[in-house]
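Everything on this sheet refers to the single structure shown next.
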2 protein chains.
Amino acid sequence: MQVLIVFAHPEPRSFNGAMKDTAVETLTAAGHDVVVSDLYAMDFRAGTTRGDFTTVADAGYLKYQAEERHAVEHDGFAADVQAEMAKLEAADVLIFQYPIYWFAMPALLKGWVDRVFALGWAYGGGRWFDNGAFRGKRAMVAMTTGAGPAAFAPDGRNGDMEMLLWPVHNGIFRFCGFDVLPPFVAYGVARADDDARARILDDWRDHLRRLDALPLMQFNGLDDFDADGRLRPGVAPRGVLRADD
Amino acid sequence: MQVLIVFAHPEPRSFNGAMKDTAVETLTAAGHDVVVSDLYAMDFRAGTTRGDFTTVADAGYLKYQAEERHAVEHDGFAADVQAEMAKLEAADVLIFQYPIYWFAMPALLKGWVDRVFALGWAYGGGRWFDNGAFRGKRAMVAMTTGAGPAAFAPDGRNGDMEMLLWPVHNGIFRFCGFDVLPPFVAYGVARADDDARARILDDWRDHLRRLDALPLMQFNGLDDFDADGRLRPGVAPRGVLRADD
């Protein structure tokens, strides 16, 4: 199995770095090939600009998605974007390794998604969700938080973790057709001592070893929605969706 | 009144650009001072790196928040971060103008938050939420979407818009003490014709003219939560929070 880890922490010796190293060791020992995109080490650009393309569809008006579609047709992606696309193409499993910043992904990781998941390649032309371009691949979040798990309960100060991860799980992974593996969240890492950290890394190893046994997260499929994008009558909402009342 | 618009779209002539221009005109005509941070034009850096500081707390291990705290104490922020802090300090109202990318903010805008809202300055030492550093200031999202409003209903394919905006409203604005103004969301802009776009800009002007009359969004306050960060018994959940059941 090919695994791509997109790693978004500026300090290699951080706990996020330890989780990344643990994943590389554990997955390699299990016989998988692991590739790491270390976004800070690569000084990865985050902004969606004309610099992402060697081709130009319209020099007078930057409609980014139109430039993406044009670049797909004319082999016009900048080298750094193209390199990430090739890694993603080869990957069976995609792992995002990051610390939660402001209830969401660090900007560099968001920029990796904004730039690499191009229209006409990662989605478009009827390819999305169940029909997504990356059907057959799996994806997973591996994350650290400052606050403990209570703050991420449905009645927690930060809001339900499932809700906070919805834009990643459904908005990015499912949108592009990935099956979604349950996330591994290392809570309260900032205040954890060495023993607690070692225990988290043990749990992380177990999670990785059970990758093929982990039940996929369940989301409503395209057919569950009407033409406007709302659940059809009688369809049970999954994940964070709620019946409209 | 001082208004800071943080603008995150790569094309000045886009609909987001038109919304930004409309805001500048409308607010200026109403007697306010408006400052715009045009993140793409500024080529704003998104990653949280040592380049954000002129000072160094620990050269051997980058703990970003520790470097932030140290920089606050020693006037050690890089010029681009410091310039944005000065704008924010002077602002009474903060507006984020952006297109939704992957159910969330564009990476450049996320990077502006990751880098500018520094520990020890924007929060920390007991200053957060109701006690936040920016108490007395107001903040608002102005956003465009590709999909129509139905897809952002509680039973919509993309999930409830209130849920998607929670990380911005509660995780950034409220976290730092801002009062939160109701967002202005321009739905389905990609497919809107010129008349529809003109009508949206009219609504946007109205929204801006009523800025002082708009009811603030309501969130649970710090006292509503126990020491672990969960709602105390009997406290009604607000916004996207749910009683734990």
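Ordered as shown in the structure tokens, chains take letters A, B, and onward, while each chain numbers its residues from 1 and ligands are numbered from 1 in the order shown.
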Within 8 Å of chain A: residues of chain B, using only C-alpha atoms, as a PyMOL selection string: chain B and resi 10-11+13+40+45-49+61-63+101-104+106-111+114+148+150-151+153-160+163-164+167-168+170-172+225+228-231+237+240-244
Taking the backbone alone, and naming residues the way the document does, which bits of stretch 20-224 of chain A are strand (DSSP E or B) by DSSP, as JSON, numbers by chain? {"A": [33, 34, 35, 36, 37, 38, 53, 77, 93, 94, 95, 96, 97, 98, 99, 101, 104, 119, 123, 124, 127, 138, 139, 140, 141, 142, 143, 144, 156, 179, 180, 184, 185, 186]}
Could you save the residues just selected, with N, CA and C atoms, as an mmCIF file, in the first residue's frame?
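Resulting contents of out-v7.cif:
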```
data_model
loop_
_atom_site.group_PDB
_atom_site.id
_atom_site.type_symbol
_atom_site.label_atom_id
_atom_site.label_comp_id
_atom_site.auth_asym_id
_atom_site.auth_seq_id
_atom_site.Cartn_x
_atom_site.Cartn_y
_atom_site.Cartn_z
ATOM 1 N N ASP A 33 4.613 1.441 1.582
ATOM 2 C CA ASP A 33 5.499 2.521 1.139
ATOM 3 C C ASP A 33 4.927 3.849 1.612
ATOM 4 N N VAL A 34 5.752 4.644 2.274
ATOM 5 C CA VAL A 34 5.266 5.900 2.832
ATOM 6 C C VAL A 34 6.014 7.085 2.219
ATOM 7 N N VAL A 35 5.266 8.064 1.765
ATOM 8 C CA VAL A 35 5.832 9.315 1.253
ATOM 9 C C VAL A 35 5.328 10.432 2.157
ATOM 10 N N VAL A 36 6.231 11.371 2.522
ATOM 11 C CA VAL A 36 5.836 12.501 3.374
ATOM 12 C C VAL A 36 6.001 13.809 2.613
ATOM 13 N N SER A 37 4.954 14.614 2.603
ATOM 14 C CA SER A 37 5.091 16.002 2.153
ATOM 15 C C SER A 37 5.166 16.874 3.401
ATOM 16 N N ASP A 38 6.356 17.389 3.665
ATOM 17 C CA ASP A 38 6.595 18.205 4.861
ATOM 18 C C ASP A 38 6.464 19.671 4.443
ATOM 19 N N PHE A 53 0.338 27.981 -12.338
ATOM 20 C CA PHE A 53 0.169 27.476 -13.708
ATOM 21 C C PHE A 53 1.304 27.937 -14.612
ATOM 22 N N PHE A 77 0.334 22.760 -14.980
ATOM 23 C CA PHE A 77 0.496 23.052 -13.556
ATOM 24 C C PHE A 77 1.966 23.327 -13.225
ATOM 25 N N VAL A 93 -3.673 5.626 0.484
ATOM 26 C CA VAL A 93 -4.161 6.246 1.726
ATOM 27 C C VAL A 93 -3.506 7.604 1.888
ATOM 28 N N LEU A 94 -4.321 8.599 2.226
ATOM 29 C CA LEU A 94 -3.845 9.961 2.468
ATOM 30 C C LEU A 94 -4.036 10.289 3.945
ATOM 31 N N ILE A 95 -2.998 10.775 4.602
ATOM 32 C CA ILE A 95 -3.100 11.165 6.015
ATOM 33 C C ILE A 95 -2.704 12.629 6.158
ATOM 34 N N PHE A 96 -3.570 13.421 6.784
ATOM 35 C CA PHE A 96 -3.243 14.800 7.138
ATOM 36 C C PHE A 96 -2.772 14.806 8.596
ATOM 37 N N GLN A 97 -1.530 15.195 8.833
ATOM 38 C CA GLN A 97 -0.999 15.271 10.197
ATOM 39 C C GLN A 97 -0.818 16.743 10.561
ATOM 40 N N TYR A 98 -1.617 17.236 11.529
ATOM 41 C CA TYR A 98 -1.550 18.673 11.843
ATOM 42 C C TYR A 98 -2.063 18.988 13.238
ATOM 43 N N PRO A 99 -1.624 20.114 13.775
ATOM 44 C CA PRO A 99 -2.185 20.638 15.012
ATOM 45 C C PRO A 99 -3.399 21.505 14.666
ATOM 46 N N TYR A 101 -5.397 24.666 14.570
ATOM 47 C CA TYR A 101 -5.156 26.106 14.751
ATOM 48 C C TYR A 101 -6.486 26.815 14.551
ATOM 49 N N ALA A 104 -9.376 24.791 13.198
ATOM 50 C CA ALA A 104 -9.300 24.361 11.792
ATOM 51 C C ALA A 104 -7.873 23.967 11.425
ATOM 52 N N LEU A 119 -9.877 21.637 -10.000
ATOM 53 C CA LEU A 119 -11.058 21.358 -10.818
ATOM 54 C C LEU A 119 -10.617 20.711 -12.135
ATOM 55 N N TYR A 123 -11.910 16.857 -9.074
ATOM 56 C CA TYR A 123 -13.372 16.861 -9.087
ATOM 57 C C TYR A 123 -13.829 17.579 -10.368
ATOM 58 N N GLY A 124 -15.126 17.518 -10.635
ATOM 59 C CA GLY A 124 -15.676 18.213 -11.801
ATOM 60 C C GLY A 124 -16.203 17.238 -12.847
ATOM 61 N N ARG A 127 -17.941 14.280 -11.342
ATOM 62 C CA ARG A 127 -17.150 13.481 -10.409
ATOM 63 C C ARG A 127 -17.059 14.209 -9.079
ATOM 64 N N ARG A 138 -8.441 5.920 0.491
ATOM 65 C CA ARG A 138 -8.938 6.270 1.823
ATOM 66 C C ARG A 138 -8.164 7.466 2.372
ATOM 67 N N ALA A 139 -8.794 8.211 3.262
ATOM 68 C CA ALA A 139 -8.130 9.393 3.833
ATOM 69 C C ALA A 139 -8.441 9.489 5.312
ATOM 70 N N MET A 140 -7.531 10.106 6.062
ATOM 71 C CA MET A 140 -7.652 10.163 7.524
ATOM 72 C C MET A 140 -7.001 11.415 8.075
ATOM 73 N N VAL A 141 -7.617 11.961 9.097
ATOM 74 C CA VAL A 141 -7.042 13.074 9.851
ATOM 75 C C VAL A 141 -6.307 12.528 11.067
ATOM 76 N N ALA A 142 -5.083 13.032 11.286
ATOM 77 C CA ALA A 142 -4.336 12.774 12.526
ATOM 78 C C ALA A 142 -3.991 14.145 13.097
ATOM 79 N N MET A 143 -4.548 14.447 14.255
ATOM 80 C CA MET A 143 -4.533 15.824 14.730
ATOM 81 C C MET A 143 -4.145 15.921 16.197
ATOM 82 N N THR A 144 -3.595 17.051 16.593
ATOM 83 C CA THR A 144 -3.366 17.337 18.010
ATOM 84 C C THR A 144 -4.180 18.576 18.404
ATOM 85 N N GLY A 156 -19.602 21.167 24.316
ATOM 86 C CA GLY A 156 -18.309 21.717 24.727
ATOM 87 C C GLY A 156 -18.055 23.108 24.163
ATOM 88 N N ASP A 179 -12.850 7.388 0.688
ATOM 89 C CA ASP A 179 -13.501 6.844 1.873
ATOM 90 C C ASP A 179 -12.787 7.435 3.079
ATOM 91 N N VAL A 180 -13.549 7.693 4.142
ATOM 92 C CA VAL A 180 -13.001 8.414 5.284
ATOM 93 C C VAL A 180 -12.779 7.475 6.465
ATOM 94 N N PHE A 184 -7.724 10.217 14.163
ATOM 95 C CA PHE A 184 -7.022 10.001 15.422
ATOM 96 C C PHE A 184 -6.714 11.377 15.991
ATOM 97 N N VAL A 185 -7.355 11.685 17.131
ATOM 98 C CA VAL A 185 -7.174 13.007 17.729
ATOM 99 C C VAL A 185 -6.419 12.869 19.040
ATOM 100 N N ALA A 186 -5.260 13.496 19.122
ATOM 101 C CA ALA A 186 -4.468 13.511 20.358
ATOM 102 C C ALA A 186 -4.826 14.788 21.116
#
```
Using the chain letters and numbers from this document, which residues of stretch 36-159 of chain A does DSSP assign to alpha helix (DSSP H), as a PyMOL selection string? chain A and resi 64-74+79-90+107-116
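Between A:Val3 and the candidates A:Ala213, A:Ala91, A:Leu181, A:Val56, the tightest atom-to-atom separation, counting only C-alpha atoms, involves A:Ala91.
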Atomic distance atom CA of A:Gly17 - atom CA of B:Ala118, expressed in Å with one decimal: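 Computing it gives 22.4 Å between the two atoms.
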Atom CA of B:Ala30 to atom CA of B:Leu201, distance in Å rounded to a single decimal: 16.4 Å
